[in-house]
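First comes the structure, then the notes that go with it.
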There are 2 protein chains.
Amino acid sequence: MRKGFTIWLTGISGSGKSTIGAGVRDALKQRGRSVELLDSGRIRKQINRSLGFSREEIEAHTMRLGYECNLLNRNGVIAIVAAVSPYRDVRDRLREYIDDFVEVYCRCAMEVLLARDDKGLFERAKRGEIQHVAGINAPYEEPISPETLLNTDQQGKEECVYKVVATLEVLGRIERVESACYSAEEEAMIRRRLHDLGYL
Amino acid sequence: MRKGFTIWLTGISGSGKSTIGAGVRDALKQRGRSVELLDSGRIRKQINRSLGFSREEIEAHTMRLGYECNLLNRNGVIAIVAAVSPYRDVRDRLREYIDDFVEVYCRCAMEVLLARDDKGLFERAKRGEIQHVAGINAPYEEPISPETLLNTDQQGKEECVYKVVATLEVLGRIERVESACYSAEEEAMIRRRLHDLGYL
């Protein structure tokens with residue numbers, strides 16, 4: 001059985017976590033791996049409606065997601081989590097708690113999020129109609145040293161997906177595939193970054 | 001990959017769910033299966049402290065356990081849950097929600113539980129010092145047609161474990177092993193019961 005690990009996508013609502021998570025899931029499935037995508041928003045709606053968005057409740061929800069990652073990982077399944085997970089110390093707890101944790105920060109400039117705002121989420125938050133929207137009326141603490149930093153306002157979905165996959169290859173979490181869609185130069189950049197952060 | 005399924009142990013605190021769950025886990029692991037035991041009490045203590053014991057909170061916690069069972073099952077892992085899960089309609093929802101659900105009722109006479117009461121739980125509940133103790137100051141709705149009924153006040157741990165394993169064999173959830181520790185007579189009884197309940 002190949003070892004499982006966890007890819008944790010963090011970022012403000014609308015920054016592309018679920019989309020990129022689904023893309024990474026499909027790419028890893030194509031490589032024959034067992035993968036589960038845990039979408040925080042969907043889980044809250046479907047089976048965890050009782051938990052709100054206070055700091056304590058966010059922490060409880062996040063650690064429960066981490067628990068599920070461990071369950072999957074130790075049975076050979078790669079877990080991909082898409083969750084705002086706004087608190088740095090909670091993410092640091094996750095890194096301790098989960099055996100093999102790869103943090104991916106989906107960064108998107110607030111101007112772009114506000115201009116896009118497909119669901120009207122930010123507009124309603126600004127008008128005070130909804131609370132607990134990270135980046136507007138609730139904190140979002142940026143990761144300091146995520147394994148992968150994606151500028152989702154500048155990079156397309158495919159580019160982001162392959163950057164994550166390339167990072168996993170360089171980290172040795174998945175086997176190297178020659179036909180991968182990234183250049184030697186990109187790989188060298190990823191390698192340098194991971195080395196500088198102490199992950200290599 | 002062999003198919004996963006879920007064994008759900010329900011019963012009042014002290015009825016032997018965790019002990020029997022651990023025994024069944026070990027027996028199935030010995031047969032080379034991937035198994036996870038989800039102990040409701042331990043999960044509540046370790047990673048779900050924020051959820052209380054109102055009906056809604058019990059339901060949310062239970063359905064989340066069910067969600068985890070599905071995650072494991074579809075990746076070939078057998079999930080065993082030890083949870084009081086006192087509400088019949090919530091267990092019925094689980095049976096709908098989980099693809100392959102085997103209900104095991106750990107029944108223990110209240111006199112025996114009260115006489116034993118290792119943790120002083122029932123005594124404290126009777127004195128009103130703690131709330132939400134199923135069978136004392138909170139409801140416990142017995143299953144009507146569980147796949148396995150264990151009288152844990154009369155049967156020892158080993159007997160209970162093998163009754164569950166034998167049921168799984170008769171239901172075709174696991175392969176038959178000739179050296180099993182139950183008699184042809186016992187198997188016939190299990191088969192008759194499952195047939196009468198409509199599970200065979």
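The chains in the structure tokens are called A, B, ... from first to last as shown; in each chain the residues are counted from 1, and the ligands are counted from 1 in the order shown.
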
Compile a residue-level contact table for chain B against chain A at a cut-off of 6 Å, reporting for every qualifying residue the shortest atom pair and its distance in Å to one decimal, with only C-alpha atoms counted, rows ordered by chain and ascending number, as a tab-separated table.
residue	atom	partner	partner_atom	distance
B:Ile47	CA	A:Arg64	CA	5.8
B:Asn48	CA	A:Ala60	CA	5.9
B:Ala60	CA	A:Asn48	CA	5.8
B:Arg64	CA	A:Ile47	CA	5.8

File dump, residues just selected, N, CA and C atoms, as a CSV table (one decimal), in the first residue's frame:
chain,number,residue,atom,x,y,z
B,47,ILE,N,-11.4,15.4,19.4
B,47,ILE,CA,-11.4,16.4,18.3
B,47,ILE,C,-12.8,16.9,18.1
B,48,ASN,N,-13.7,16.8,19.0
B,48,ASN,CA,-15.0,17.3,18.7
B,48,ASN,C,-15.7,17.8,20.0
B,60,ALA,N,-26.0,15.6,14.6
B,60,ALA,CA,-24.9,16.1,13.8
B,60,ALA,C,-23.7,15.3,14.0
B,64,ARG,N,-22.0,12.8,11.1
B,64,ARG,CA,-20.6,13.1,10.7
B,64,ARG,C,-19.8,11.8,10.8

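Using only C-alpha atoms, the protein and nucleic acid residues lying no more than 12 Å from Val112 in chain B, apart from those fewer than 5 places from it along its own chain, are Ile12, Ser13, Gly14, Ser15, Arg107, Asp117, Asp118, Phe122, Asn151, Thr152, Asp153 and Gln154 of chain B.
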
Put those residues in a file: N, CA and C atoms, as an mmCIF file, in the first residue's frame.
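File out_22.cif, as written:
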data_model
loop_
_atom_site.group_PDB
_atom_site.id
_atom_site.type_symbol
_atom_site.label_atom_id
_atom_site.label_comp_id
_atom_site.auth_asym_id
_atom_site.auth_seq_id
_atom_site.Cartn_x
_atom_site.Cartn_y
_atom_site.Cartn_z
ATOM 1 N N ILE B 12 -26.457 1.456 25.281
ATOM 2 C CA ILE B 12 -26.256 2.383 26.405
ATOM 3 C C ILE B 12 -24.793 2.349 26.871
ATOM 4 N N SER B 13 -24.318 3.425 27.486
ATOM 5 C CA SER B 13 -22.958 3.466 28.041
ATOM 6 C C SER B 13 -22.716 2.254 28.932
ATOM 7 N N GLY B 14 -21.580 1.616 28.753
ATOM 8 C CA GLY B 14 -21.242 0.477 29.592
ATOM 9 C C GLY B 14 -21.718 -0.856 29.047
ATOM 10 N N SER B 15 -22.385 -0.831 27.882
ATOM 11 C CA SER B 15 -22.936 -2.084 27.341
ATOM 12 C C SER B 15 -21.909 -2.892 26.554
ATOM 13 N N ARG B 107 -27.038 -5.100 23.965
ATOM 14 C CA ARG B 107 -28.082 -4.960 24.974
ATOM 15 C C ARG B 107 -27.581 -5.467 26.321
ATOM 16 N N ASP B 117 -21.490 -0.197 36.915
ATOM 17 C CA ASP B 117 -21.288 1.260 36.957
ATOM 18 C C ASP B 117 -19.854 1.647 37.334
ATOM 19 N N ASP B 118 -18.891 1.128 36.572
ATOM 20 C CA ASP B 118 -17.457 1.315 36.857
ATOM 21 C C ASP B 118 -17.066 2.783 37.045
ATOM 22 N N PHE B 122 -23.844 6.236 36.118
ATOM 23 C CA PHE B 122 -25.279 6.132 36.350
ATOM 24 C C PHE B 122 -25.656 6.683 37.720
ATOM 25 N N ASN B 151 -26.505 -9.963 23.777
ATOM 26 C CA ASN B 151 -26.898 -9.773 25.175
ATOM 27 C C ASN B 151 -25.621 -9.747 25.993
ATOM 28 N N THR B 152 -25.036 -8.562 26.128
ATOM 29 C CA THR B 152 -23.687 -8.473 26.690
ATOM 30 C C THR B 152 -23.665 -8.733 28.195
ATOM 31 N N ASP B 153 -24.840 -8.814 28.813
ATOM 32 C CA ASP B 153 -24.868 -9.175 30.239
ATOM 33 C C ASP B 153 -24.826 -10.699 30.418
ATOM 34 N N GLN B 154 -25.008 -11.421 29.306
ATOM 35 C CA GLN B 154 -25.027 -12.887 29.400
ATOM 36 C C GLN B 154 -23.905 -13.539 28.592
#

- Message: as a list in words, please: the residues near Asn70 in chain B (cut-off 9 Å, only C-alpha atoms, same-chain neighbours under 6 positions excluded).
- Response: Gly4, Phe5, Thr6, Ala79, Tyr97, Ile98, Asp99 and Asp100 of chain B

Restrict the selected residues to N, CA and C atoms and save them as a PDB file, in the first residue's frame.
ATOM      1  N   GLY B   4     -15.512  -2.035   1.244  1.00  0.00           N
ATOM      2  CA  GLY B   4     -15.677  -1.740   2.657  1.00  0.00           C
ATOM      3  C   GLY B   4     -17.144  -1.785   3.042  1.00  0.00           C
ATOM      4  N   PHE B   5     -17.401  -1.817   4.324  1.00  0.00           N
ATOM      5  CA  PHE B   5     -18.768  -1.712   4.837  1.00  0.00           C
ATOM      6  C   PHE B   5     -18.672  -1.177   6.255  1.00  0.00           C
ATOM      7  N   THR B   6     -19.833  -0.942   6.872  1.00  0.00           N
ATOM      8  CA  THR B   6     -19.842  -0.324   8.199  1.00  0.00           C
ATOM      9  C   THR B   6     -20.557  -1.212   9.215  1.00  0.00           C
ATOM     10  N   ALA B  79     -15.356   0.108   8.397  1.00  0.00           N
ATOM     11  CA  ALA B  79     -15.491   1.033   9.527  1.00  0.00           C
ATOM     12  C   ALA B  79     -16.315   0.365  10.613  1.00  0.00           C
ATOM     13  N   TYR B  97     -28.095   6.343   4.516  1.00  0.00           N
ATOM     14  CA  TYR B  97     -26.957   7.185   4.100  1.00  0.00           C
ATOM     15  C   TYR B  97     -25.711   6.362   3.784  1.00  0.00           C
ATOM     16  N   ILE B  98     -25.524   5.304   4.566  1.00  0.00           N
ATOM     17  CA  ILE B  98     -24.329   4.473   4.389  1.00  0.00           C
ATOM     18  C   ILE B  98     -24.660   3.327   3.443  1.00  0.00           C
ATOM     19  N   ASP B  99     -23.810   3.153   2.439  1.00  0.00           N
ATOM     20  CA  ASP B  99     -24.064   2.148   1.406  1.00  0.00           C
ATOM     21  C   ASP B  99     -24.339   0.767   1.984  1.00  0.00           C
ATOM     22  N   ASP B 100     -23.498   0.378   2.916  1.00  0.00           N
ATOM     23  CA  ASP B 100     -23.538  -1.007   3.380  1.00  0.00           C
ATOM     24  C   ASP B 100     -23.398  -0.991   4.903  1.00  0.00           C
TER      25      ASP B 100
END

Determine which residues of chain A DSSP labels as helix (DSSP H, G or I) from the backbone of this structure, then write them out as JSON, numbers by chain.
{"A": [17, 18, 19, 20, 21, 22, 23, 24, 25, 26, 27, 28, 29, 30, 40, 41, 42, 43, 44, 45, 46, 47, 55, 56, 57, 58, 59, 60, 61, 62, 63, 64, 65, 66, 67, 68, 69, 70, 71, 72, 73, 88, 89, 90, 91, 92, 93, 94, 95, 96, 97, 110, 111, 112, 113, 114, 115, 116, 121, 122, 123, 124, 125, 126, 157, 158, 159, 160, 161, 162, 163, 164, 165, 166, 167, 168, 169, 170, 184, 185, 186, 187, 188, 189, 190, 191, 192, 193, 194, 195, 196, 197]}

Note to self: Can you pull out every residue from range 2-195 of chain B that DSSP, working from the backbone, puts in strand (DSSP E or B), and format the result as a ChimeraX atom specification?
What the structure shows: /B:6-10,35-39,78-82,101-107,134,138,148-151

List the spatial neighbours of range 166-177 of chain A as JSON, numbers by chain - criterion: any atom at most 9 Å away, only C-alpha atoms, same-chain residues fewer than 4 positions off excluded. {"A": [3, 4, 5, 28, 102, 147, 148, 161, 162, 181, 182, 186, 187, 190, 191, 194, 199, 200]}

Next, dump the selected residues to file, keeping only N, CA and C atoms, as a PDB file, in the first residue's frame.
ATOM      1  N   LYS A   3       1.792   5.124   0.660  1.00  0.00           N
ATOM      2  CA  LYS A   3       1.465   5.994   1.788  1.00  0.00           C
ATOM      3  C   LYS A   3       0.539   7.132   1.367  1.00  0.00           C
ATOM      4  N   GLY A   4      -0.424   7.413   2.206  1.00  0.00           N
ATOM      5  CA  GLY A   4      -1.256   8.580   1.964  1.00  0.00           C
ATOM      6  C   GLY A   4      -0.595   9.831   2.523  1.00  0.00           C
ATOM      7  N   PHE A   5      -1.082  10.969   2.139  1.00  0.00           N
ATOM      8  CA  PHE A   5      -0.643  12.245   2.714  1.00  0.00           C
ATOM      9  C   PHE A   5      -1.766  13.246   2.531  1.00  0.00           C
ATOM     10  N   LEU A  28      -4.228  13.249  -9.717  1.00  0.00           N
ATOM     11  CA  LEU A  28      -3.658  12.152  -8.915  1.00  0.00           C
ATOM     12  C   LEU A  28      -4.407  10.848  -9.180  1.00  0.00           C
ATOM     13  N   VAL A 102       0.965  18.875   3.500  1.00  0.00           N
ATOM     14  CA  VAL A 102       1.476  19.790   2.478  1.00  0.00           C
ATOM     15  C   VAL A 102       0.495  20.948   2.368  1.00  0.00           C
ATOM     16  N   GLU A 147       4.051  25.069   1.473  1.00  0.00           N
ATOM     17  CA  GLU A 147       4.834  24.332   0.484  1.00  0.00           C
ATOM     18  C   GLU A 147       4.603  24.872  -0.926  1.00  0.00           C
ATOM     19  N   THR A 148       3.359  25.278  -1.203  1.00  0.00           N
ATOM     20  CA  THR A 148       3.067  25.868  -2.513  1.00  0.00           C
ATOM     21  C   THR A 148       2.285  27.156  -2.332  1.00  0.00           C
ATOM     22  N   VAL A 161      -2.826  23.638 -10.811  1.00  0.00           N
ATOM     23  CA  VAL A 161      -2.880  22.199 -10.546  1.00  0.00           C
ATOM     24  C   VAL A 161      -1.501  21.585 -10.761  1.00  0.00           C
ATOM     25  N   TYR A 162      -0.863  21.947 -11.860  1.00  0.00           N
ATOM     26  CA  TYR A 162       0.431  21.328 -12.140  1.00  0.00           C
ATOM     27  C   TYR A 162       1.530  21.829 -11.218  1.00  0.00           C
ATOM     28  N   CYS A 181       3.696  18.544 -17.316  1.00  0.00           N
ATOM     29  CA  CYS A 181       3.520  19.740 -18.146  1.00  0.00           C
ATOM     30  C   CYS A 181       4.306  20.951 -17.654  1.00  0.00           C
ATOM     31  N   TYR A 182       5.265  20.758 -16.778  1.00  0.00           N
ATOM     32  CA  TYR A 182       6.002  21.928 -16.310  1.00  0.00           C
ATOM     33  C   TYR A 182       7.435  21.821 -16.802  1.00  0.00           C
ATOM     34  N   GLU A 186      10.773  25.735 -14.190  1.00  0.00           N
ATOM     35  CA  GLU A 186       9.753  25.773 -13.134  1.00  0.00           C
ATOM     36  C   GLU A 186      10.114  24.828 -11.997  1.00  0.00           C
ATOM     37  N   GLU A 187      10.560  23.637 -12.376  1.00  0.00           N
ATOM     38  CA  GLU A 187      10.917  22.666 -11.356  1.00  0.00           C
ATOM     39  C   GLU A 187      12.055  23.174 -10.483  1.00  0.00           C
ATOM     40  N   ILE A 190      10.670  25.594  -8.003  1.00  0.00           N
ATOM     41  CA  ILE A 190       9.948  24.903  -6.925  1.00  0.00           C
ATOM     42  C   ILE A 190      10.955  24.308  -5.941  1.00  0.00           C
ATOM     43  N   ARG A 191      11.987  23.686  -6.512  1.00  0.00           N
ATOM     44  CA  ARG A 191      12.996  23.043  -5.680  1.00  0.00           C
ATOM     45  C   ARG A 191      13.710  24.070  -4.784  1.00  0.00           C
ATOM     46  N   LEU A 194      11.318  25.244  -1.970  1.00  0.00           N
ATOM     47  CA  LEU A 194      11.126  24.241  -0.921  1.00  0.00           C
ATOM     48  C   LEU A 194      12.380  24.088  -0.069  1.00  0.00           C
ATOM     49  N   TYR A 199      11.826  22.564   3.579  1.00  0.00           N
ATOM     50  CA  TYR A 199      11.049  21.353   3.305  1.00  0.00           C
ATOM     51  C   TYR A 199      11.839  20.350   2.467  1.00  0.00           C
ATOM     52  N   LEU A 200      12.996  20.753   1.997  1.00  0.00           N
ATOM     53  CA  LEU A 200      13.821  19.815   1.210  1.00  0.00           C
ATOM     54  C   LEU A 200      15.206  19.717   1.842  1.00  0.00           C
TER      55      LEU A 200
END

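Coordinates place CA of Pro139 in chain B at a distance of 10.3 Å from CA of Arg88 in chain B.
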
Judged by only C-alpha atoms, the minimum distance to Glu142 in chain A among A:Glu159, A:Glu123, A:Asp92, A:Glu111 is found for A:Asp92

Neighbouring residues of Gly21 in chain A were defined as those with any atom within 9 Å, considering only C-alpha atoms; residues of the same chain fewer than 6 positions away were excluded. Please report them as an mmCIF file with C-alpha atoms, in the first residue's frame.
data_model
loop_
_atom_site.group_PDB
_atom_site.id
_atom_site.type_symbol
_atom_site.label_atom_id
_atom_site.label_comp_id
_atom_site.auth_asym_id
_atom_site.auth_seq_id
_atom_site.Cartn_x
_atom_site.Cartn_y
_atom_site.Cartn_z
ATOM 1 C CA ILE A 7 -2.800 18.444 0.722
ATOM 2 C CA TRP A 8 -4.352 21.363 2.576
ATOM 3 C CA LEU A 9 -5.648 24.242 0.423
ATOM 4 C CA LEU A 37 -11.436 15.688 -1.740
ATOM 5 C CA LEU A 38 -12.880 17.082 1.485
ATOM 6 C CA ASP A 39 -14.615 20.339 0.700
ATOM 7 C CA ILE A 80 -7.158 16.968 -0.311
ATOM 8 C CA VAL A 81 -8.848 19.575 1.857
ATOM 9 C CA ALA A 82 -10.308 22.833 0.555
ATOM 10 C CA VAL A 161 -2.880 22.199 -10.546
#
